file final_7.pdb (PDB, C-alpha atoms and all ligand atoms)
MODEL        1
ATOM      1  CA  MET G   1       0.000   0.000   0.000
ATOM      2  CA  THR G   2       1.304   3.437  -0.883
ATOM      3  CA  ASP G   3       2.020   5.672   2.084
ATOM      4  CA  HIS G   4       0.466   9.059   1.343
ATOM      5  CA  ARG G   5       1.815  10.782   4.447
ATOM      6  CA  ARG G   6       4.016  13.757   3.609
ATOM      7  CA  LEU G   7       5.958  15.580   6.316
ATOM      8  CA  LEU G   8       7.982  18.775   5.855
ATOM      9  CA  LEU G   9      10.274  20.174   8.537
ATOM     10  CA  VAL G  10      11.734  23.680   8.586
ATOM     11  CA  HIS G  11      14.907  23.950  10.647
ATOM     12  CA  ALA G  12      17.310  26.842  11.166
ATOM     13  CA  HIS G  13      20.746  25.183  11.045
ATOM     14  CA  PRO G  14      22.307  21.825  10.154
ATOM     15  CA  ASP G  15      22.121  19.730  13.408
ATOM     16  CA  ASP G  16      18.701  21.104  14.497
ATOM     17  CA  GLU G  17      16.941  18.427  12.453
ATOM     18  CA  SER G  18      18.806  15.759  14.411
ATOM     19  CA  SER G  19      18.721  17.256  17.903
ATOM     20  CA  SER G  20      15.016  18.089  18.032
ATOM     21  CA  THR G  21      13.455  15.780  15.423
ATOM     22  CA  GLY G  22      16.009  13.068  14.580
ATOM     23  CA  ALA G  23      13.894  10.139  15.772
ATOM     24  CA  THR G  24      10.780  11.605  14.148
ATOM     25  CA  ILE G  25      12.484  11.942  10.762
ATOM     26  CA  ALA G  26      13.982   8.440  11.031
ATOM     27  CA  ARG G  27      10.612   6.925  11.963
ATOM     28  CA  TYR G  28       8.615   8.463   9.109
ATOM     29  CA  CYS G  29      11.360   7.679   6.589
ATOM     30  CA  ALA G  30      11.490   4.060   7.804
ATOM     31  CA  GLU G  31       7.714   3.741   7.633
ATOM     32  CA  GLY G  32       7.655   4.897   4.007
ATOM     33  CA  ALA G  33       6.237   8.406   4.418
ATOM     34  CA  THR G  34       7.639  11.218   2.276
ATOM     35  CA  VAL G  35       9.847  13.446   4.409
ATOM     36  CA  THR G  36      11.351  16.768   3.302
ATOM     37  CA  LEU G  37      13.787  18.829   5.343
ATOM     38  CA  VAL G  38      14.280  22.530   4.620
ATOM     39  CA  THR G  39      17.327  23.988   6.368
ATOM     40  CA  CYS G  40      17.346  27.796   6.397
ATOM     41  CA  THR G  41      21.087  28.469   6.823
ATOM     42  CA  LEU G  42      24.334  26.502   6.716
ATOM     43  CA  GLY G  43      25.176  27.347  10.319
ATOM     44  CA  GLU G  44      28.188  29.464   9.394
ATOM     45  CA  GLU G  45      28.277  31.066  12.859
ATOM     46  CA  GLY G  46      27.971  27.857  14.826
ATOM     47  CA  GLU G  47      30.349  27.427  17.728
ATOM     48  CA  ILE G  48      32.959  24.806  16.855
ATOM     49  CA  VAL G  49      33.158  22.205  19.598
ATOM     50  CA  PRO G  50      36.115  19.861  18.860
ATOM     51  CA  ASP G  51      39.748  21.000  18.783
ATOM     52  CA  ASP G  52      40.469  19.101  15.562
ATOM     53  CA  LEU G  53      38.104  21.427  13.661
ATOM     54  CA  ALA G  54      39.264  24.652  15.320
ATOM     55  CA  HIS G  55      40.799  25.773  12.000
ATOM     56  CA  LEU G  56      37.330  26.222  10.486
ATOM     57  CA  SER G  57      35.682  29.630  10.743
ATOM     58  CA  PRO G  58      32.685  31.453   9.268
ATOM     59  CA  GLY G  59      34.862  32.704   6.419
ATOM     60  CA  SER G  60      36.868  29.559   5.834
ATOM     61  CA  GLY G  61      35.143  26.330   5.174
ATOM     62  CA  LEU G  62      32.652  25.968   8.015
ATOM     63  CA  ALA G  63      29.607  26.171   5.732
ATOM     64  CA  THR G  64      30.985  23.486   3.404
ATOM     65  CA  HIS G  65      31.958  21.342   6.335
ATOM     66  CA  ARG G  66      28.528  21.639   7.935
ATOM     67  CA  LEU G  67      26.843  20.768   4.653
ATOM     68  CA  ASP G  68      28.940  17.587   4.570
ATOM     69  CA  GLU G  69      27.848  16.866   8.132
ATOM     70  CA  LEU G  70      24.235  17.381   7.080
ATOM     71  CA  HIS G  71      24.666  14.848   4.252
ATOM     72  CA  ALA G  72      26.009  12.293   6.732
ATOM     73  CA  ALA G  73      23.239  13.015   9.251
ATOM     74  CA  ALA G  74      20.558  12.680   6.560
ATOM     75  CA  ALA G  75      22.003   9.302   5.566
ATOM     76  CA  ALA G  76      21.882   8.191   9.206
ATOM     77  CA  LEU G  77      18.211   9.180   9.398
ATOM     78  CA  GLY G  78      17.294   7.575   6.069
ATOM     79  CA  LEU G  79      16.394  11.019   4.699
ATOM     80  CA  THR G  80      16.887  11.649   0.977
ATOM     81  CA  ASP G  81      14.898  14.853   0.306
ATOM     82  CA  TYR G  82      16.573  17.806   1.993
ATOM     83  CA  VAL G  83      17.186  21.299   0.642
ATOM     84  CA  ARG G  84      18.330  24.690   1.844
ATOM     85  CA  LEU G  85      15.881  27.607   1.777
ATOM     86  CA  GLY G  86      16.545  29.674  -1.352
ATOM     87  CA  GLY G  87      19.528  27.427  -2.234
ATOM     88  CA  ASP G  88      22.865  26.862  -0.483
ATOM     89  CA  GLY G  89      24.194  30.016   1.172
ATOM     90  CA  ARG G  90      21.189  32.215   0.308
ATOM     91  CA  TYR G  91      20.661  33.014   3.995
ATOM     92  CA  HIS G  92      23.523  33.157   6.454
ATOM     93  CA  ASP G  93      23.530  32.072  10.062
ATOM     94  CA  SER G  94      22.810  35.223  12.141
ATOM     95  CA  GLY G  95      24.796  34.054  15.154
ATOM     96  CA  MET G  96      23.422  34.822  18.586
ATOM     97  CA  ALA G  97      24.097  36.669  21.809
ATOM     98  CA  HIS G  98      23.243  35.648  25.357
ATOM     99  CA  ALA G  99      20.364  37.498  26.993
ATOM    100  CA  GLU G 100      20.461  38.289  30.712
ATOM    101  CA  ASP G 101      17.851  35.645  31.501
ATOM    102  CA  GLY G 102      20.019  32.915  29.949
ATOM    103  CA  THR G 103      18.086  32.637  26.683
ATOM    104  CA  ALA G 104      19.532  33.511  23.276
ATOM    105  CA  THR G 105      18.934  36.750  21.433
ATOM    106  CA  ALA G 106      20.053  38.593  18.308
ATOM    107  CA  ARG G 107      23.504  40.177  18.230
ATOM    108  CA  ASP G 108      23.718  43.968  18.226
ATOM    109  CA  GLU G 109      25.263  43.807  14.777
ATOM    110  CA  THR G 110      24.407  41.345  12.042
ATOM    111  CA  THR G 111      25.325  41.285   8.371
ATOM    112  CA  ASP G 112      22.871  42.004   5.552
ATOM    113  CA  ALA G 113      23.106  38.341   4.530
ATOM    114  CA  ALA G 114      22.008  37.135   7.983
ATOM    115  CA  PHE G 115      18.741  35.180   7.982
ATOM    116  CA  TRP G 116      17.525  37.517  10.762
ATOM    117  CA  ASN G 117      17.635  40.395   8.271
ATOM    118  CA  ALA G 118      15.945  38.516   5.436
ATOM    119  CA  ASP G 119      12.846  39.973   3.861
ATOM    120  CA  LEU G 120      10.065  37.884   5.404
ATOM    121  CA  LEU G 121       7.935  37.771   2.250
ATOM    122  CA  GLU G 122      10.839  36.803   0.020
ATOM    123  CA  ALA G 123      11.958  34.063   2.403
ATOM    124  CA  ALA G 124       8.381  32.799   2.767
ATOM    125  CA  LEU G 125       7.910  32.686  -1.004
ATOM    126  CA  ASN G 126      11.016  30.496  -1.274
ATOM    127  CA  LEU G 127       9.256  28.109   1.085
ATOM    128  CA  VAL G 128       5.874  28.410  -0.667
ATOM    129  CA  SER G 129       7.351  26.959  -3.850
ATOM    130  CA  ILE G 130       8.722  23.983  -1.872
ATOM    131  CA  ILE G 131       5.413  23.445  -0.019
ATOM    132  CA  ARG G 132       3.399  23.584  -3.244
ATOM    133  CA  ASP G 133       5.773  21.118  -4.858
ATOM    134  CA  ARG G 134       5.941  18.589  -1.967
ATOM    135  CA  ARG G 135       2.328  19.062  -0.739
ATOM    136  CA  PRO G 136       2.911  18.076   2.904
ATOM    137  CA  GLN G 137      -0.127  17.475   5.119
ATOM    138  CA  VAL G 138       2.052  18.224   8.155
ATOM    139  CA  VAL G 139       4.694  20.944   8.592
ATOM    140  CA  VAL G 140       6.949  21.203  11.648
ATOM    141  CA  SER G 141       9.058  24.132  12.862
ATOM    142  CA  TYR G 142       9.574  26.046  16.129
ATOM    143  CA  ASP G 143       7.400  28.192  18.375
ATOM    144  CA  THR G 144       7.284  32.018  18.346
ATOM    145  CA  PHE G 145      10.387  32.162  20.549
ATOM    146  CA  GLY G 146      12.298  29.670  18.420
ATOM    147  CA  MET G 147      12.463  27.375  21.473
ATOM    148  CA  TYR G 148      15.263  29.320  23.140
ATOM    149  CA  GLY G 149      15.483  32.687  21.448
ATOM    150  CA  HIS G 150      18.038  32.125  18.687
ATOM    151  CA  PRO G 151      17.146  34.692  15.998
ATOM    152  CA  ASP G 152      17.418  32.128  13.178
ATOM    153  CA  HIS G 153      14.979  29.835  14.976
ATOM    154  CA  VAL G 154      12.554  32.719  15.522
ATOM    155  CA  MET G 155      12.876  33.573  11.835
ATOM    156  CA  ALA G 156      12.315  29.935  10.805
ATOM    157  CA  HIS G 157       9.064  30.032  12.800
ATOM    158  CA  ARG G 158       7.937  33.228  11.074
ATOM    159  CA  VAL G 159       8.861  32.023   7.598
ATOM    160  CA  MET G 160       7.085  28.677   8.139
ATOM    161  CA  THR G 161       3.955  30.331   9.532
ATOM    162  CA  TYR G 162       3.699  32.907   6.737
ATOM    163  CA  ALA G 163       4.517  30.413   3.976
ATOM    164  CA  CYS G 164       1.848  27.944   5.138
ATOM    165  CA  VAL G 165      -0.783  30.692   4.897
ATOM    166  CA  LEU G 166       0.361  31.989   1.497
ATOM    167  CA  SER G 167       0.703  28.498   0.015
ATOM    168  CA  GLY G 168      -3.026  27.832   0.314
ATOM    169  CA  VAL G 169      -4.259  31.070  -1.241
ATOM    170  CA  HIS G 170      -5.892  30.362  -4.585
ATOM    171  CA  GLY G 171      -4.743  32.588  -7.408
ATOM    172  CA  TYR G 172      -1.785  33.892  -5.408
ATOM    173  CA  ARG G 173       1.552  33.717  -7.225
ATOM    174  CA  PRO G 174       0.557  30.833  -9.539
ATOM    175  CA  GLU G 175       4.103  30.721 -10.902
ATOM    176  CA  LEU G 176       5.118  29.173  -7.540
ATOM    177  CA  GLY G 177       2.876  26.150  -8.089
ATOM    178  CA  LYS G 178      -0.672  24.982  -7.471
ATOM    179  CA  PRO G 179      -2.085  26.175  -4.127
ATOM    180  CA  TRP G 180      -1.663  23.674  -1.299
ATOM    181  CA  THR G 181      -3.246  23.912   2.130
ATOM    182  CA  VAL G 182      -1.213  22.354   4.929
ATOM    183  CA  ALA G 183      -3.549  20.419   7.235
ATOM    184  CA  ARG G 184      -1.504  20.770  10.430
ATOM    185  CA  THR G 185       1.476  22.732  11.623
ATOM    186  CA  PHE G 186       3.388  21.823  14.764
ATOM    187  CA  TRP G 187       5.961  23.513  16.986
ATOM    188  CA  THR G 188       8.733  21.427  18.514
ATOM    189  CA  THR G 189       8.996  21.439  22.287
ATOM    190  CA  ASN G 190      10.188  19.381  25.265
ATOM    191  CA  GLY G 191       7.610  17.686  27.450
ATOM    192  CA  SER G 192       7.946  18.343  31.194
ATOM    193  CA  ASP G 193       7.939  14.598  32.007
ATOM    194  CA  ASP G 194      10.888  14.002  29.669
ATOM    195  CA  MET G 195      12.695  16.949  31.268
ATOM    196  CA  ARG G 196      11.933  15.497  34.708
ATOM    197  CA  THR G 197      13.475  12.170  33.649
ATOM    198  CA  MET G 198      16.582  13.846  32.230
ATOM    199  CA  MET G 199      17.077  16.192  35.193
ATOM    200  CA  ALA G 200      16.668  13.343  37.694
ATOM    201  CA  THR G 201      19.130  11.188  35.733
ATOM    202  CA  ALA G 202      21.594  14.076  35.507
ATOM    203  CA  LYS G 203      21.376  14.612  39.263
ATOM    204  CA  ALA G 204      21.777  10.906  40.046
ATOM    205  CA  LYS G 205      24.817  10.641  37.751
ATOM    206  CA  GLY G 206      26.383  13.925  38.833
ATOM    207  CA  ILE G 207      26.071  15.446  35.334
ATOM    208  CA  GLU G 208      26.217  19.233  35.212
ATOM    209  CA  ASN G 209      22.776  20.845  34.797
ATOM    210  CA  ARG G 210      22.942  23.157  31.766
ATOM    211  CA  TRP G 211      19.202  23.731  31.536
ATOM    212  CA  GLY G 212      19.199  26.316  34.315
ATOM    213  CA  ASP G 213      17.661  26.268  37.742
ATOM    214  CA  PHE G 214      13.888  25.976  37.699
ATOM    215  CA  ASP G 215      11.115  23.960  39.275
ATOM    216  CA  LEU G 216       9.291  21.720  36.789
ATOM    217  CA  ASP G 217       6.124  22.183  38.837
ATOM    218  CA  GLY G 218       6.422  25.974  38.678
ATOM    219  CA  PRO G 219       6.523  28.374  35.710
ATOM    220  CA  LEU G 220       8.347  26.647  32.848
ATOM    221  CA  PRO G 221      10.985  28.159  30.565
ATOM    222  CA  PRO G 222       9.891  28.665  26.939
ATOM    223  CA  MET G 223      11.348  25.449  25.581
ATOM    224  CA  ILE G 224       9.399  23.204  27.942
ATOM    225  CA  THR G 225       5.689  22.407  27.747
ATOM    226  CA  LYS G 226       3.644  20.675  30.432
ATOM    227  CA  SER G 227       3.318  17.078  29.312
ATOM    228  CA  GLU G 228      -0.474  17.222  29.362
ATOM    229  CA  ASP G 229      -0.296  20.070  26.811
ATOM    230  CA  VAL G 230       1.921  18.121  24.404
ATOM    231  CA  ASP G 231      -0.202  17.168  21.383
ATOM    232  CA  VAL G 232       2.085  14.583  19.829
ATOM    233  CA  ARG G 233       5.054  12.761  21.296
ATOM    234  CA  ILE G 234       7.254  10.434  19.266
ATOM    235  CA  PRO G 235       9.229   8.075  21.540
ATOM    236  CA  LEU G 236      12.868   7.610  20.557
ATOM    237  CA  GLY G 237      12.382   3.831  20.758
ATOM    238  CA  PRO G 238      14.084   1.969  17.915
ATOM    239  CA  TYR G 239      15.016   5.279  16.227
ATOM    240  CA  ARG G 240      17.286   6.290  19.104
ATOM    241  CA  THR G 241      20.252   4.730  17.284
ATOM    242  CA  ASN G 242      19.521   6.757  14.128
ATOM    243  CA  LYS G 243      19.370   9.931  16.216
ATOM    244  CA  VAL G 244      22.684   9.140  17.917
ATOM    245  CA  ALA G 245      24.325   8.429  14.538
ATOM    246  CA  ALA G 246      22.941  11.659  13.055
ATOM    247  CA  LEU G 247      24.100  13.752  16.004
ATOM    248  CA  THR G 248      27.510  12.080  15.834
ATOM    249  CA  ALA G 249      27.689  13.168  12.179
ATOM    250  CA  HIS G 250      27.413  16.798  13.337
ATOM    251  CA  HIS G 251      30.882  16.503  14.844
ATOM    252  CA  SER G 252      31.624  20.254  14.598
ATOM    253  CA  GLN G 253      28.664  21.064  16.874
ATOM    254  CA  VAL G 254      28.052  18.037  19.041
ATOM    255  CA  ASP G 255      30.364  15.979  21.230
ATOM    256  CA  MET G 256      28.537  12.718  21.774
ATOM    257  CA  GLU G 257      31.061  11.749  24.449
ATOM    258  CA  ASP G 258      29.779  14.685  26.484
ATOM    259  CA  PRO G 259      27.530  13.243  29.231
ATOM    260  CA  PHE G 260      25.057  16.076  28.700
ATOM    261  CA  TRP G 261      24.446  15.028  25.081
ATOM    262  CA  LYS G 262      24.449  11.363  26.000
ATOM    263  CA  LEU G 263      21.718  12.074  28.529
ATOM    264  CA  MET G 264      19.385  13.260  25.778
ATOM    265  CA  THR G 265      19.819  10.125  23.726
ATOM    266  CA  ASP G 266      20.712   7.322  26.160
ATOM    267  CA  ILE G 267      17.207   6.806  27.508
ATOM    268  CA  GLU G 268      15.008   4.993  25.018
ATOM    269  CA  SER G 269      11.777   6.066  26.738
ATOM    270  CA  LEU G 270      12.442   9.766  26.069
ATOM    271  CA  GLY G 271      10.473  11.324  23.255
ATOM    272  CA  GLU G 272      10.357  14.211  20.773
ATOM    273  CA  SER G 273       7.386  16.436  21.556
ATOM    274  CA  PHE G 274       5.196  18.705  19.451
ATOM    275  CA  ARG G 275       2.511  21.317  20.051
ATOM    276  CA  LEU G 276      -0.243  21.741  17.500
ATOM    277  CA  ALA G 277      -0.170  25.289  16.069
ATOM    278  CA  THR G 278      -2.787  25.085  13.300
ATOM    279  CA  GLY G 279      -5.260  22.465  12.097
ATOM    280  CA  VAL G 280      -7.485  19.950  13.833
ATOM    281  CA  ALA G 281      -5.974  18.316  16.926
ATOM    282  CA  PRO G 282      -5.414  14.571  17.047
ATOM    283  CA  SER G 283      -8.130  13.060  19.209
ATOM    284  CA  GLY G 284      -7.807  12.226  22.886
ATOM    285  CA  GLY G 285      -4.682  13.200  24.820
ATOM    286  CA  THR G 286      -1.152  13.027  23.499
ATOM    287  CA  ALA G 287      -1.004  11.221  20.152
ATOM    288  CA  THR G 288       1.996   9.216  18.904
ATOM    289  CA  ASP G 289       1.547  10.122  15.231
ATOM    290  CA  LEU G 290       1.684  13.617  13.710
ATOM    291  CA  PHE G 291      -0.820  12.474  11.064
ATOM    292  CA  GLU G 292      -3.349  10.850  13.408
ATOM    293  CA  GLY G 293      -6.901  11.268  12.149
ATOM    294  CA  LEU G 294      -5.946  13.201   9.000
ATOM    295  CA  ASP G 295      -7.567  12.494   5.660
ATOM    296  CA  LEU G 296      -4.603  11.346   3.584
ATOM    297  CA  ASP G 297      -6.113  11.204   0.109
ATOM    298  CA  PRO G 298      -3.309  11.879  -2.349
TER     299      PRO G 298
HETATM  300 ZN    ZN C 301      19.862  25.963  15.463
ENDMDL
END
call {"tool": "encode", "arguments": {"input": "final_7.pdb", "output": "structure tokens", "more": "lines below"}}
Ligand SMILES: [Zn+2]
result
Amino acid sequence: MTDHRRLLLVHAHPDDESSSTGATIARYCAEGATVTLVTCTLGEEGEIVPDDLAHLSPGSGLATHRLDELHAAAAALGLTDYVRLGGDGRYHDSGMAHAEDGTATARDETTDAAFWNADLLEAALNLVSIIRDRRPQVVVSYDTFGMYGHPDHVMAHRVMTYACVLSGVHGYRPELGKPWTVARTFWTTNGSDDMRTMMATAKAKGIENRWGDFDLDGPLPPMITKSEDVDVRIPLGPYRTNKVAALTAHHSQVDMEDPFWKLMTDIESLGESFRLATGVAPSGGTATDLFEGLDLDP
């Protein structure tokens, strides 16, 4: 039987697809759904983690290197359809600064090429042509705060939201393809129960807490959602190994020997969580399928 499910994910940088949705991508690819990844920048301003890559810099080879890492990560996830918004290098990583409250924010100075400074309509139209071509029923990106405040993640949210509206408007920019209405959009998040598991494990193992000091029963930071408000949760389960392999491929950004990273992937019962932004909610509590209850006629 043909699988008519089509999922499109909009991520800011290479490695985001693996860290927040690696198991989800691997699962839908393995099940035979059509999965498309749109990466908005090549992560040219990403902080280089390992010493052996310290020679790379925004101006010398980091973009090419991170594209190679993305190829390897996609292979690990079983993903074959992945593109960059507007083509490779169209939008540059905006970098980030640290806000006083510990979240990320835009730098005081950014270049004209930075994704943060992109014209929203132009960027959205680049995505409209991809949406109209791939016709996904489900589109995933970040919340209004980009999970933690990084300007490129905030911009990815805005571009996704705008493009999903424009894509469905009949008679609008027909040269970009036949109108397509996305049935559901989701924002990635972390469920409070998963955070509770990770924080308890970190404490028991003496792993440094880099999430900040907060009470999971009190007001939650932006990147965490109360578990009862999570609309869909995809357990890592058998796709944990794909996620680990994909994150390992992003060697410039991720040290999988670091206990903090291990913590996020060592526990099979952890899951990737999503909040429904638009469209009809899956029925009854937290679903385990982004497409649950959708009419999937081709
Ligand atoms: Zn990112």
call {"tool": "closest_residue", "arguments": {"input": "final_7.pdb", "among": "G:Asp93, G:Asp68, G:Asp213, G:Asp88", "to": "ligand ZN 301 (chain C)", "atoms": "only C-alpha atoms and all ligand atoms"}}
result
G:Asp93
call {"tool": "residues_near_ligand", "arguments": {"input": "final_7.pdb", "ligand": "ligand ZN 301 (chain C)", "cutoff": "8 Å", "atoms": "only C-alpha atoms and all ligand atoms", "output": "ChimeraX atom specification"}}
result
/G:11-16,43,150,152-153
call {"tool": "resolve_selection", "arguments": {"input": "final_7.pdb", "expression": "the PyMOL selection byres (((chain G and resi 91) around 9) and not hetatm)", "output": "list in words"}}
result
Cys40, Thr41, Leu42, Arg84, Leu85, Gly86, Gly87, Asp88, Gly89, Arg90, His92, Asp93, Ser94, Ala113, Ala114, Phe115, Trp116, Ala118 and Ala123 of chain G
call {"tool": "write_last_selection", "arguments": {"input": "final_7.pdb", "atoms": "C-alpha atoms", "output": "PDB file, keeping the file's coordinate frame"}}
result
ATOM      1  CA  CYS G  40      17.346  27.796   6.397  1.00  0.00           C
ATOM      2  CA  THR G  41      21.087  28.469   6.823  1.00  0.00           C
ATOM      3  CA  LEU G  42      24.334  26.502   6.716  1.00  0.00           C
ATOM      4  CA  ARG G  84      18.330  24.690   1.844  1.00  0.00           C
ATOM      5  CA  LEU G  85      15.881  27.607   1.777  1.00  0.00           C
ATOM      6  CA  GLY G  86      16.545  29.674  -1.352  1.00  0.00           C
ATOM      7  CA  GLY G  87      19.528  27.427  -2.234  1.00  0.00           C
ATOM      8  CA  ASP G  88      22.865  26.862  -0.483  1.00  0.00           C
ATOM      9  CA  GLY G  89      24.194  30.016   1.172  1.00  0.00           C
ATOM     10  CA  ARG G  90      21.189  32.215   0.308  1.00  0.00           C
ATOM     11  CA  HIS G  92      23.523  33.157   6.454  1.00  0.00           C
ATOM     12  CA  ASP G  93      23.530  32.072  10.062  1.00  0.00           C
ATOM     13  CA  SER G  94      22.810  35.223  12.141  1.00  0.00           C
ATOM     14  CA  ALA G 113      23.106  38.341   4.530  1.00  0.00           C
ATOM     15  CA  ALA G 114      22.008  37.135   7.983  1.00  0.00           C
ATOM     16  CA  PHE G 115      18.741  35.180   7.982  1.00  0.00           C
ATOM     17  CA  TRP G 116      17.525  37.517  10.762  1.00  0.00           C
ATOM     18  CA  ALA G 118      15.945  38.516   5.436  1.00  0.00           C
ATOM     19  CA  ALA G 123      11.958  34.063   2.403  1.00  0.00           C
TER      20      ALA G 123
END
call {"tool": "closest_residue", "arguments": {"input": "final_7.pdb", "among": "G:Val138, G:Val128, G:Phe260, G:Ala76", "to": "Val169 (chain G)", "atoms": "all atoms listed in the file"}}
result
G:Val128
call {"tool": "residues_near_point", "arguments": {"input": "final_7.pdb", "point": "(-1.2, 23.9, -0.9)", "cutoff": "9 Å", "atoms": "all atoms listed in the file", "output": "list in words"}}
result
Val128, Ile131, Arg132, Asp133, Arg134, Arg135, Pro136, Gln137, Cys164, Val165, Leu166, Ser167, Gly168, Val169, His170, Gly177, Lys178, Pro179, Trp180, Thr181 and Val182 of chain G
call {"tool": "resolve_selection", "arguments": {"input": "final_7.pdb", "expression": "the PyMOL selection byres (((chain G and resi 45-57) around 6) and not hetatm)", "output": "PDB file with C-alpha atoms, in the coordinates of the input"}}
result
ATOM      1  CA  GLY G  43      25.176  27.347  10.319  1.00  0.00           C
ATOM      2  CA  GLU G  44      28.188  29.464   9.394  1.00  0.00           C
ATOM      3  CA  PRO G  58      32.685  31.453   9.268  1.00  0.00           C
ATOM      4  CA  GLY G  59      34.862  32.704   6.419  1.00  0.00           C
ATOM      5  CA  SER G  60      36.868  29.559   5.834  1.00  0.00           C
ATOM      6  CA  GLY G  61      35.143  26.330   5.174  1.00  0.00           C
ATOM      7  CA  LEU G  62      32.652  25.968   8.015  1.00  0.00           C
ATOM      8  CA  ASP G  93      23.530  32.072  10.062  1.00  0.00           C
ATOM      9  CA  GLY G  95      24.796  34.054  15.154  1.00  0.00           C
ATOM     10  CA  SER G 252      31.624  20.254  14.598  1.00  0.00           C
ATOM     11  CA  GLN G 253      28.664  21.064  16.874  1.00  0.00           C
TER      12      GLN G 253
END
call {"tool": "residues_near_point", "arguments": {"input": "final_7.pdb", "point": "(4.6, 32.3, 18.1)", "cutoff": "10 Å", "atoms": "only C-alpha atoms", "output": "PyMOL selection string"}}
result
chain G and resi 142-147+154+157-158+161+187+277
call {"tool": "closest_residue", "arguments": {"input": "final_7.pdb", "among": "G:Trp261, G:Phe186, G:Phe274, G:Tyr82", "to": "Thr288 (chain G)", "atoms": "only C-alpha atoms"}}
result
G:Phe274
call {"tool": "residues_around", "arguments": {"input": "final_7.pdb", "residues": "Ser227 (chain G)", "least_positions_apart": "3", "cutoff": "10 Å", "atoms": "only C-alpha atoms", "output": "list of chain:residue names"}}
result
G:Asn190, G:Gly191, G:Ser192, G:Asp193, G:Asp194, G:Met195, G:Ile224, G:Val230, G:Asp231, G:Val232, G:Arg233, G:Ser273, G:Gly285, G:Thr286
call {"tool": "closest_residue", "arguments": {"input": "final_7.pdb", "among": "G:Leu220, G:Thr185, G:His251, G:Glu175", "to": "Ala163 (chain G)", "atoms": "all atoms listed in the file"}}
result
G:Thr185
call {"tool": "atom_distance", "arguments": {"input": "final_7.pdb", "atom1": "CA of Met264 (chain G)", "atom2": "CA of Lys205 (chain G)"}}
result
13.4 Å
call {"tool": "resolve_selection", "arguments": {"input": "final_7.pdb", "expression": "the PyMOL selection byres (((chain G and resi 242) around 8) and not hetatm)", "output": "PyMOL selection string"}}
result
chain G and resi 22-23+26+76-77+239-241+243-246
call {"tool": "closest_residue", "arguments": {"input": "final_7.pdb", "among": "G:Tyr172, G:Thr188, G:Asp295, G:Tyr162", "to": "Ala124 (chain G)", "atoms": "all atoms listed in the file"}}
result
G:Tyr162
call {"tool": "residues_around", "arguments": {"input": "final_7.pdb", "residues": "Leu247 (chain G)", "least_positions_apart": "6", "cutoff": "7 Å", "atoms": "all atoms listed in the file", "output": "PDB file with C-alpha atoms, in the frame of the given file"}}
result
ATOM      1  CA  ASP G  15      22.121  19.730  13.408  1.00  0.00           C
ATOM      2  CA  SER G  18      18.806  15.759  14.411  1.00  0.00           C
ATOM      3  CA  SER G  19      18.721  17.256  17.903  1.00  0.00           C
ATOM      4  CA  ALA G  73      23.239  13.015   9.251  1.00  0.00           C
ATOM      5  CA  VAL G 254      28.052  18.037  19.041  1.00  0.00           C
TER       6      VAL G 254
END
call {"tool": "atom_distance", "arguments": {"input": "final_7.pdb", "atom1": "CA of Glu17 (chain G)", "atom2": "CA of Arg66 (chain G)"}}
result
12.8 Å
call {"tool": "atom_distance", "arguments": {"input": "final_7.pdb", "atom1": "CA of Leu176 (chain G)", "atom2": "CA of Thr34 (chain G)"}}
result
20.6 Å
call {"tool": "build_atoms", "arguments": {"input": "final_7.pdb", "residues": "region 187-196 of chain G", "atoms": "N, CA and C atoms", "output": "short mmCIF file (atom, residue, chain, number, x, y, z; two decimals), in the frame of the given file"}}
result
data_model
loop_
_atom_site.label_atom_id
_atom_site.label_comp_id
_atom_site.auth_asym_id
_atom_site.auth_seq_id
_atom_site.Cartn_x
_atom_site.Cartn_y
_atom_site.Cartn_z
N TRP G 187 4.74 22.90 16.42
CA TRP G 187 5.96 23.51 16.99
C TRP G 187 6.67 22.46 17.82
N THR G 188 7.98 22.36 17.67
CA THR G 188 8.73 21.43 18.51
C THR G 188 8.78 21.96 19.95
N THR G 189 8.85 21.05 20.89
CA THR G 189 9.00 21.44 22.29
C THR G 189 9.62 20.28 23.06
N ASN G 190 9.77 20.47 24.38
CA ASN G 190 10.19 19.38 25.26
C ASN G 190 9.10 19.18 26.30
N GLY G 191 8.64 17.98 26.45
CA GLY G 191 7.61 17.69 27.45
C GLY G 191 8.21 17.71 28.86
N SER G 192 7.41 18.21 29.83
CA SER G 192 7.95 18.34 31.19
C SER G 192 8.32 16.98 31.80
N ASP G 193 7.60 15.91 31.45
CA ASP G 193 7.94 14.60 32.01
C ASP G 193 9.30 14.12 31.49
N ASP G 194 9.57 14.37 30.21
CA ASP G 194 10.89 14.00 29.67
C ASP G 194 11.99 14.81 30.36
N MET G 195 11.71 16.11 30.58
CA MET G 195 12.70 16.95 31.27
C MET G 195 12.93 16.45 32.69
N ARG G 196 11.83 16.02 33.34
CA ARG G 196 11.93 15.50 34.71
C ARG G 196 12.85 14.26 34.72
#
